[in-house]
>>> print(open('work-v1.cif').read())   # mmCIF, C-alpha atoms
data_my_file
#
loop_
_atom_site.group_PDB
_atom_site.id
_atom_site.type_symbol
_atom_site.label_atom_id
_atom_site.label_comp_id
_atom_site.auth_asym_id
_atom_site.auth_seq_id
_atom_site.Cartn_x
_atom_site.Cartn_y
_atom_site.Cartn_z
ATOM 1 C CA VAL E 161 -1.542 -8.351 18.095
ATOM 2 C CA ALA E 162 -4.725 -7.634 20.064
ATOM 3 C CA LYS E 163 -6.043 -5.036 17.609
ATOM 4 C CA GLY E 164 -5.308 -7.279 14.640
ATOM 5 C CA PHE E 165 -7.100 -10.191 16.277
ATOM 6 C CA ALA E 166 -10.050 -7.966 17.242
ATOM 7 C CA ALA E 167 -10.281 -6.579 13.706
ATOM 8 C CA GLY E 168 -10.341 -10.099 12.280
ATOM 9 C CA GLU E 169 -13.075 -11.143 14.679
ATOM 10 C CA ALA E 170 -15.117 -8.009 13.909
ATOM 11 C CA GLU E 171 -14.739 -8.580 10.174
ATOM 12 C CA GLU E 172 -15.846 -12.202 10.543
ATOM 13 C CA ALA E 173 -18.899 -11.196 12.600
ATOM 14 C CA LEU E 174 -19.902 -8.525 10.079
ATOM 15 C CA ARG E 175 -19.591 -10.911 7.157
ATOM 16 C CA ALA E 176 -21.569 -13.589 9.032
ATOM 17 C CA ALA E 177 -24.329 -11.004 9.567
ATOM 18 C CA GLY E 178 -24.443 -10.333 5.825
ATOM 19 C CA VAL E 179 -22.615 -6.999 5.853
ATOM 20 C CA GLU E 180 -20.977 -6.405 2.485
ATOM 21 C CA ARG E 181 -19.327 -3.025 3.100
ATOM 22 C CA ALA E 182 -17.658 -1.729 6.234
ATOM 23 C CA LEU E 183 -14.656 0.137 7.550
ATOM 24 C CA ILE E 184 -13.320 -0.881 10.974
ATOM 25 C CA ASP E 185 -10.881 1.624 12.499
ATOM 26 C CA LEU E 186 -9.045 0.456 15.608
ATOM 27 C CA GLY E 187 -6.451 3.224 15.692
ATOM 28 C CA GLY E 188 -3.483 2.306 13.541
ATOM 29 C CA ASN E 189 -5.326 -0.758 12.243
ATOM 30 C CA VAL E 190 -7.965 -0.226 9.571
ATOM 31 C CA THR E 191 -9.867 -3.190 8.136
ATOM 32 C CA VAL E 192 -12.059 -2.673 5.088
ATOM 33 C CA VAL E 193 -14.803 -5.066 4.060
ATOM 34 C CA GLY E 194 -15.709 -4.951 0.396
ATOM 35 C CA THR E 195 -15.662 -1.605 -1.367
ATOM 36 C CA ARG E 196 -17.353 1.748 -0.831
ATOM 37 C CA PRO E 197 -20.905 2.200 -2.065
ATOM 38 C CA GLY E 198 -20.561 2.581 -5.819
ATOM 39 C CA GLY E 199 -17.788 -0.003 -6.010
ATOM 40 C CA ASP E 200 -14.713 2.184 -5.542
ATOM 41 C CA PRO E 201 -12.027 1.025 -3.110
ATOM 42 C CA TRP E 202 -11.878 2.519 0.371
ATOM 43 C CA ARG E 203 -9.343 5.356 0.692
ATOM 44 C CA VAL E 204 -7.272 5.041 3.851
ATOM 45 C CA ALA E 205 -4.763 7.726 4.830
ATOM 46 C CA VAL E 206 -1.521 6.814 6.581
ATOM 47 C CA LYS E 207 -0.353 9.476 9.045
ATOM 48 C CA ASP E 208 2.871 11.349 8.458
ATOM 49 C CA PRO E 209 5.036 10.220 11.403
ATOM 50 C CA GLN E 210 6.831 13.577 11.485
ATOM 51 C CA ASN E 211 3.611 15.616 11.461
ATOM 52 C CA THR E 212 0.549 13.610 12.474
ATOM 53 C CA GLU E 213 -1.749 16.434 11.383
ATOM 54 C CA ASN E 214 -0.806 15.506 7.794
ATOM 55 C CA TYR E 215 -0.803 12.271 5.880
ATOM 56 C CA LEU E 216 2.092 10.358 4.363
ATOM 57 C CA CYS E 217 0.012 8.711 1.664
ATOM 58 C CA VAL E 218 -3.447 7.419 0.816
ATOM 59 C CA LEU E 219 -4.030 3.758 0.007
ATOM 60 C CA SER E 220 -6.950 2.479 -2.077
ATOM 61 C CA LEU E 221 -8.043 -0.776 -0.445
ATOM 62 C CA ALA E 222 -10.697 -3.498 -0.559
ATOM 63 C CA ASP E 223 -11.042 -6.600 1.660
ATOM 64 C CA VAL E 224 -7.776 -6.072 3.554
ATOM 65 C CA THR E 225 -6.316 -4.633 6.733
ATOM 66 C CA ALA E 226 -3.770 -1.830 6.824
ATOM 67 C CA SER E 227 -1.807 -1.798 10.072
ATOM 68 C CA THR E 228 0.710 0.951 10.841
ATOM 69 C CA SER E 229 3.363 0.923 13.563
ATOM 70 C CA GLY E 230 5.698 3.716 14.534
ATOM 71 C CA GLY E 231 7.139 5.512 17.502
ATOM 72 C CA TYR E 232 5.299 8.783 16.954
ATOM 73 C CA GLU E 233 2.001 8.170 18.817
ATOM 74 C CA ARG E 234 2.983 6.635 22.171
ATOM 75 C CA TYR E 235 6.172 8.036 23.635
ATOM 76 C CA PHE E 236 7.588 10.249 26.349
ATOM 77 C CA GLU E 237 10.531 12.602 26.425
ATOM 78 C CA GLU E 238 13.108 12.871 29.159
ATOM 79 C CA ASN E 239 16.194 15.081 29.092
ATOM 80 C CA GLY E 240 15.592 15.831 25.419
ATOM 81 C CA VAL E 241 15.428 12.152 24.415
ATOM 82 C CA ARG E 242 12.265 10.574 22.982
ATOM 83 C CA TYR E 243 11.439 7.057 24.161
ATOM 84 C CA HIS E 244 8.713 5.281 22.176
ATOM 85 C CA HIS E 245 6.757 2.148 22.994
ATOM 86 C CA ILE E 246 8.114 -0.287 20.379
ATOM 87 C CA LEU E 247 10.924 -2.171 22.070
ATOM 88 C CA ASP E 248 13.734 -4.081 20.415
ATOM 89 C CA PRO E 249 13.763 -7.496 22.127
ATOM 90 C CA LYS E 250 17.544 -7.734 21.624
ATOM 91 C CA THR E 251 18.249 -4.597 23.662
ATOM 92 C CA GLY E 252 15.127 -3.957 25.722
ATOM 93 C CA TRP E 253 15.207 -0.335 24.538
ATOM 94 C CA PRO E 254 13.019 1.472 22.007
ATOM 95 C CA ALA E 255 13.823 0.169 18.523
ATOM 96 C CA GLU E 256 16.226 2.264 16.470
ATOM 97 C CA SER E 257 15.850 0.693 13.048
ATOM 98 C CA GLY E 258 16.072 3.739 10.801
ATOM 99 C CA LEU E 259 12.316 3.606 10.192
ATOM 100 C CA LEU E 260 9.726 6.145 11.303
ATOM 101 C CA SER E 261 6.727 3.980 10.405
ATOM 102 C CA VAL E 262 5.793 0.696 8.778
ATOM 103 C CA SER E 263 2.406 0.003 7.216
ATOM 104 C CA VAL E 264 1.498 -3.570 6.305
ATOM 105 C CA VAL E 265 -1.476 -4.399 4.077
ATOM 106 C CA SER E 266 -2.782 -7.963 4.187
ATOM 107 C CA ALA E 267 -6.013 -9.936 3.903
ATOM 108 C CA ASP E 268 -5.101 -11.351 7.345
ATOM 109 C CA ALA E 269 -5.719 -8.675 10.007
ATOM 110 C CA ALA E 270 -3.635 -10.365 12.717
ATOM 111 C CA LEU E 271 -0.734 -10.875 10.312
ATOM 112 C CA ALA E 272 -0.819 -7.208 9.309
ATOM 113 C CA ASP E 273 -0.717 -6.156 12.961
ATOM 114 C CA VAL E 274 2.140 -8.421 14.020
ATOM 115 C CA LEU E 275 4.231 -7.684 10.927
ATOM 116 C CA SER E 276 3.926 -3.907 11.159
ATOM 117 C CA THR E 277 5.526 -3.993 14.612
ATOM 118 C CA ALA E 278 8.073 -6.726 13.899
ATOM 119 C CA LEU E 279 9.226 -5.146 10.647
ATOM 120 C CA PHE E 280 9.487 -1.726 12.313
ATOM 121 C CA VAL E 281 11.970 -3.285 14.746
ATOM 122 C CA ALA E 282 13.756 -5.208 11.968
ATOM 123 C CA GLY E 283 14.511 -2.202 9.773
ATOM 124 C CA GLU E 284 14.357 -1.485 6.056
ATOM 125 C CA GLU E 285 16.547 -4.201 4.539
ATOM 126 C CA GLU E 286 15.249 -7.033 6.687
ATOM 127 C CA ALA E 287 11.645 -5.879 6.156
ATOM 128 C CA LEU E 288 12.078 -5.842 2.380
ATOM 129 C CA ASP E 289 13.863 -9.205 2.376
ATOM 130 C CA PHE E 290 11.002 -10.718 4.374
ATOM 131 C CA TRP E 291 8.438 -9.169 1.993
ATOM 132 C CA ARG E 292 10.293 -10.646 -0.973
ATOM 133 C CA SER E 293 10.093 -14.100 0.632
ATOM 134 C CA ARG E 294 6.284 -14.052 0.909
ATOM 135 C CA GLU E 295 3.175 -13.272 -1.119
ATOM 136 C CA ASP E 296 0.652 -12.443 1.623
ATOM 137 C CA PHE E 297 1.325 -8.781 2.420
ATOM 138 C CA GLU E 298 2.519 -5.439 1.022
ATOM 139 C CA LEU E 299 4.452 -2.618 2.686
ATOM 140 C CA VAL E 300 4.861 1.121 3.027
ATOM 141 C CA LEU E 301 8.087 2.034 4.830
ATOM 142 C CA CYS E 302 8.863 5.595 5.944
ATOM 143 C CA THR E 303 12.559 6.037 6.677
ATOM 144 C CA GLN E 304 14.359 8.499 8.913
ATOM 145 C CA ASP E 305 16.252 9.827 5.898
ATOM 146 C CA GLY E 306 13.054 11.038 4.186
ATOM 147 C CA ARG E 307 12.190 8.170 1.844
ATOM 148 C CA VAL E 308 8.864 6.390 1.496
ATOM 149 C CA LEU E 309 9.159 2.917 0.009
ATOM 150 C CA VAL E 310 5.998 1.301 -1.337
ATOM 151 C CA THR E 311 5.966 -2.292 -2.537
ATOM 152 C CA GLU E 312 4.751 -2.964 -6.048
ATOM 153 C CA GLY E 313 1.464 -4.579 -5.008
ATOM 154 C CA LEU E 314 0.257 -1.230 -3.637
ATOM 155 C CA GLU E 315 1.581 0.940 -6.458
ATOM 156 C CA SER E 316 -1.634 1.253 -8.468
ATOM 157 C CA GLY E 317 -3.659 2.383 -5.442
ATOM 158 C CA PHE E 318 -0.998 4.556 -3.828
ATOM 159 C CA LEU E 319 -1.323 8.343 -3.640
ATOM 160 C CA PRO E 320 1.620 10.214 -2.077
ATOM 161 C CA ALA E 321 1.174 13.343 0.016
ATOM 162 C CA GLU E 322 1.689 16.496 -2.012
ATOM 163 C CA ASP E 323 4.050 18.448 0.225
ATOM 164 C CA GLY E 324 5.401 16.050 2.846
ATOM 165 C CA GLY E 325 9.012 16.549 1.897
ATOM 166 C CA TYR E 326 9.515 12.835 1.223
ATOM 167 C CA THR E 327 10.973 11.010 -1.760
ATOM 168 C CA TYR E 328 8.701 8.176 -2.921
ATOM 169 C CA GLU E 329 10.061 4.949 -4.409
ATOM 170 C CA THR E 330 8.398 1.731 -5.603
ATOM 171 C CA VAL E 331 10.107 -1.482 -4.528
ATOM 172 C CA ARG E 332 9.950 -4.468 -6.843
ATOM 173 C CA ARG E 333 10.528 -8.126 -6.110
#
>>> encode(input="work-v1.cif", output="structure tokens")
Amino acid sequence: VAKGFAAGEAEEALRAAGVERALIDLGGNVTVVGTRPGGDPWRVAVKDPQNTENYLCVLSLADVTASTSGGYERYFEENGVRYHHILDPKTGWPAESGLLSVSVVSADAALADVLSTALFVAGEEEALDFWRSREDFELVLCTQDGRVLVTEGLESGFLPAEDGGYTYETVRR
């Protein structure tokens, strides 16, 4: 949660200094303050976890943090097996939840950071059940079987990649 905490502190300091518009990028955690000059929302791309040179989607955001977790940035391979850095506390091994990435959007930067990792470990059903139980965050889930699930609160500002090979679905409460 260090990046989420740092993003929250940076946002608070900027606002205290009178800054009305800013984009804070801490690598996987992007906090936007206000809107872009002209009043349009910030456009934040989420990396495609199967091809990080491309994007999975673009989110239109204002006054929130988007935090993405996945096993595609920090990993090593040994004997043809990929071991990523997000561990399942039940097994002590890299999480195998059926998800390739989880993006959480919230007004609370630390919450976004902790939930993106926790919900990656939890998996699709548990992540969606948890989302349905709360009102303080939205989700983009990329599954191993080629689906991208976006929760309804992000639908109006969600732009899918054109040729990523994914099926996009909106999830409703």
>>> residues_around(input="work-v1.cif", residues="Cys302 (chain E)", least_positions_apart="6", cutoff="6 Å", atoms="all atoms listed in the file", output="number ranges by chain")
E: 259-261, 308
>>> write_last_selection(input="work-v1.cif", atoms="C-alpha atoms", output="PDB file, in the coordinates of the input")
ATOM      1  CA  LEU E 259      12.316   3.606  10.192  1.00  0.00           C
ATOM      2  CA  LEU E 260       9.726   6.145  11.303  1.00  0.00           C
ATOM      3  CA  SER E 261       6.727   3.980  10.405  1.00  0.00           C
ATOM      4  CA  VAL E 308       8.864   6.390   1.496  1.00  0.00           C
TER       5      VAL E 308
END
>>> closest_residue(input="work-v1.cif", among="E:Ala222, E:Ala177, E:Val161, E:Leu309", to="Arg196 (chain E)", atoms="all atoms listed in the file")
E:Ala222
>>> residues_around(input="work-v1.cif", residues="Asp223 (chain E)", least_positions_apart="6", cutoff="12 Å", atoms="all atoms listed in the file", output="PyMOL selection string")
chain E and resi 168+171-172+175+180-184+190-196+200-202+265-269
>>> axis_aligned_box(input="work-v1.cif", around="region 186-198 of chain E", padding_each_side="6 Å", output="lines of an AutoDock Vina configuration file")
center_x = -12.2
center_y = -0.9
center_z = 4.9
size_x = 29.4
size_y = 20.3
size_z = 33.5
>>> closest_atom_pairs(input="work-v1.cif", of="region 268-328 of chain E", to="region 203-218 of chain E", cutoff="9 Å", atoms="only C-alpha atoms", output="JSON lines")
{"residue": "E:Cys302", "atom": "CA", "partner": "E:Pro209", "partner_atom": "CA", "distance": 8.1}
{"residue": "E:Val308", "atom": "CA", "partner": "E:Leu216", "partner_atom": "CA", "distance": 8.4}
{"residue": "E:Gly317", "atom": "CA", "partner": "E:Val218", "partner_atom": "CA", "distance": 8.0}
{"residue": "E:Phe318", "atom": "CA", "partner": "E:Val218", "partner_atom": "CA", "distance": 6.0}
{"residue": "E:Leu319", "atom": "CA", "partner": "E:Val218", "partner_atom": "CA", "distance": 5.0}
{"residue": "E:Pro320", "atom": "CA", "partner": "E:Cys217", "partner_atom": "CA", "distance": 4.3}
{"residue": "E:Ala321", "atom": "CA", "partner": "E:Cys217", "partner_atom": "CA", "distance": 5.1}
{"residue": "E:Glu322", "atom": "CA", "partner": "E:Cys217", "partner_atom": "CA", "distance": 8.8}
{"residue": "E:Gly324", "atom": "CA", "partner": "E:Leu216", "partner_atom": "CA", "distance": 6.8}
{"residue": "E:Tyr326", "atom": "CA", "partner": "E:Leu216", "partner_atom": "CA", "distance": 8.4}
>>> atom_distance(input="work-v1.cif", atom1="CA of Thr311 (chain E)", atom2="CA of Asp185 (chain E)")
22.9 Å
>>> build_atoms(input="work-v1.cif", residues="region 197-218 of chain E", atoms="N, CA, C and O atoms", output="PDB file, in the coordinates of the input")
ATOM      1  N   PRO E 197     -19.715   2.188  -1.207  1.00  0.00           N
ATOM      2  CA  PRO E 197     -20.905   2.200  -2.065  1.00  0.00           C
ATOM      3  C   PRO E 197     -20.532   2.800  -3.429  1.00  0.00           C
ATOM      4  O   PRO E 197     -19.832   3.795  -3.507  1.00  0.00           O
ATOM      5  N   GLY E 198     -20.942   2.157  -4.481  1.00  0.00           N
ATOM      6  CA  GLY E 198     -20.561   2.581  -5.819  1.00  0.00           C
ATOM      7  C   GLY E 198     -19.440   1.727  -6.387  1.00  0.00           C
ATOM      8  O   GLY E 198     -19.132   1.808  -7.571  1.00  0.00           O
ATOM      9  N   GLY E 199     -18.792   0.938  -5.540  1.00  0.00           N
ATOM     10  CA  GLY E 199     -17.788  -0.003  -6.010  1.00  0.00           C
ATOM     11  C   GLY E 199     -16.346   0.454  -5.974  1.00  0.00           C
ATOM     12  O   GLY E 199     -15.442  -0.320  -6.278  1.00  0.00           O
ATOM     13  N   ASP E 200     -16.094   1.713  -5.629  1.00  0.00           N
ATOM     14  CA  ASP E 200     -14.713   2.184  -5.542  1.00  0.00           C
ATOM     15  C   ASP E 200     -14.044   1.648  -4.281  1.00  0.00           C
ATOM     16  O   ASP E 200     -14.710   1.422  -3.264  1.00  0.00           O
ATOM     17  N   PRO E 201     -12.723   1.471  -4.318  1.00  0.00           N
ATOM     18  CA  PRO E 201     -12.027   1.025  -3.110  1.00  0.00           C
ATOM     19  C   PRO E 201     -12.134   2.072  -2.000  1.00  0.00           C
ATOM     20  O   PRO E 201     -12.347   3.262  -2.261  1.00  0.00           O
ATOM     21  N   TRP E 202     -11.971   1.608  -0.764  1.00  0.00           N
ATOM     22  CA  TRP E 202     -11.878   2.519   0.371  1.00  0.00           C
ATOM     23  C   TRP E 202     -10.564   3.286   0.244  1.00  0.00           C
ATOM     24  O   TRP E 202      -9.580   2.753  -0.232  1.00  0.00           O
ATOM     25  N   ARG E 203     -10.567   4.543   0.691  1.00  0.00           N
ATOM     26  CA  ARG E 203      -9.343   5.356   0.692  1.00  0.00           C
ATOM     27  C   ARG E 203      -8.932   5.550   2.144  1.00  0.00           C
ATOM     28  O   ARG E 203      -9.663   6.161   2.922  1.00  0.00           O
ATOM     29  N   VAL E 204      -7.763   5.015   2.477  1.00  0.00           N
ATOM     30  CA  VAL E 204      -7.272   5.041   3.851  1.00  0.00           C
ATOM     31  C   VAL E 204      -5.975   5.848   3.887  1.00  0.00           C
ATOM     32  O   VAL E 204      -5.011   5.514   3.189  1.00  0.00           O
ATOM     33  N   ALA E 205      -5.962   6.890   4.695  1.00  0.00           N
ATOM     34  CA  ALA E 205      -4.763   7.726   4.830  1.00  0.00           C
ATOM     35  C   ALA E 205      -3.843   7.148   5.893  1.00  0.00           C
ATOM     36  O   ALA E 205      -4.298   6.676   6.934  1.00  0.00           O
ATOM     37  N   VAL E 206      -2.554   7.196   5.624  1.00  0.00           N
ATOM     38  CA  VAL E 206      -1.521   6.814   6.581  1.00  0.00           C
ATOM     39  C   VAL E 206      -0.925   8.110   7.113  1.00  0.00           C
ATOM     40  O   VAL E 206      -0.518   8.980   6.337  1.00  0.00           O
ATOM     41  N   LYS E 207      -0.871   8.248   8.442  1.00  0.00           N
ATOM     42  CA  LYS E 207      -0.353   9.476   9.045  1.00  0.00           C
ATOM     43  C   LYS E 207       1.122   9.687   8.723  1.00  0.00           C
ATOM     44  O   LYS E 207       1.900   8.750   8.648  1.00  0.00           O
ATOM     45  N   ASP E 208       1.472  10.954   8.582  1.00  0.00           N
ATOM     46  CA  ASP E 208       2.871  11.349   8.458  1.00  0.00           C
ATOM     47  C   ASP E 208       3.484  11.249   9.856  1.00  0.00           C
ATOM     48  O   ASP E 208       3.058  11.960  10.771  1.00  0.00           O
ATOM     49  N   PRO E 209       4.479  10.387  10.060  1.00  0.00           N
ATOM     50  CA  PRO E 209       5.036  10.220  11.403  1.00  0.00           C
ATOM     51  C   PRO E 209       5.796  11.440  11.920  1.00  0.00           C
ATOM     52  O   PRO E 209       6.031  11.551  13.125  1.00  0.00           O
ATOM     53  N   GLN E 210       6.137  12.367  11.038  1.00  0.00           N
ATOM     54  CA  GLN E 210       6.831  13.577  11.485  1.00  0.00           C
ATOM     55  C   GLN E 210       5.875  14.738  11.730  1.00  0.00           C
ATOM     56  O   GLN E 210       6.258  15.736  12.343  1.00  0.00           O
ATOM     57  N   ASN E 211       4.641  14.604  11.251  1.00  0.00           N
ATOM     58  CA  ASN E 211       3.611  15.616  11.461  1.00  0.00           C
ATOM     59  C   ASN E 211       2.258  14.922  11.362  1.00  0.00           C
ATOM     60  O   ASN E 211       1.684  14.828  10.276  1.00  0.00           O
ATOM     61  N   THR E 212       1.756  14.448  12.478  1.00  0.00           N
ATOM     62  CA  THR E 212       0.549  13.610  12.474  1.00  0.00           C
ATOM     63  C   THR E 212      -0.720  14.367  12.091  1.00  0.00           C
ATOM     64  O   THR E 212      -1.767  13.755  11.950  1.00  0.00           O
ATOM     65  N   GLU E 213      -0.609  15.675  11.902  1.00  0.00           N
ATOM     66  CA  GLU E 213      -1.749  16.434  11.383  1.00  0.00           C
ATOM     67  C   GLU E 213      -1.881  16.240   9.877  1.00  0.00           C
ATOM     68  O   GLU E 213      -2.902  16.573   9.283  1.00  0.00           O
ATOM     69  N   ASN E 214      -0.830  15.748   9.240  1.00  0.00           N
ATOM     70  CA  ASN E 214      -0.806  15.506   7.794  1.00  0.00           C
ATOM     71  C   ASN E 214      -0.768  14.018   7.517  1.00  0.00           C
ATOM     72  O   ASN E 214      -0.594  13.205   8.421  1.00  0.00           O
ATOM     73  N   TYR E 215      -0.895  13.683   6.255  1.00  0.00           N
ATOM     74  CA  TYR E 215      -0.803  12.271   5.880  1.00  0.00           C
ATOM     75  C   TYR E 215       0.449  12.037   5.042  1.00  0.00           C
ATOM     76  O   TYR E 215       0.959  12.924   4.373  1.00  0.00           O
ATOM     77  N   LEU E 216       0.927  10.812   5.118  1.00  0.00           N
ATOM     78  CA  LEU E 216       2.092  10.358   4.363  1.00  0.00           C
ATOM     79  C   LEU E 216       1.684   9.923   2.964  1.00  0.00           C
ATOM     80  O   LEU E 216       2.350  10.208   1.986  1.00  0.00           O
ATOM     81  N   CYS E 217       0.544   9.218   2.922  1.00  0.00           N
ATOM     82  CA  CYS E 217       0.012   8.711   1.664  1.00  0.00           C
ATOM     83  C   CYS E 217      -1.420   8.274   1.882  1.00  0.00           C
ATOM     84  O   CYS E 217      -1.896   8.207   3.012  1.00  0.00           O
ATOM     85  N   VAL E 218      -2.097   7.987   0.778  1.00  0.00           N
ATOM     86  CA  VAL E 218      -3.447   7.419   0.816  1.00  0.00           C
ATOM     87  C   VAL E 218      -3.396   6.113   0.041  1.00  0.00           C
ATOM     88  O   VAL E 218      -2.836   6.052  -1.060  1.00  0.00           O
TER      89      VAL E 218
END
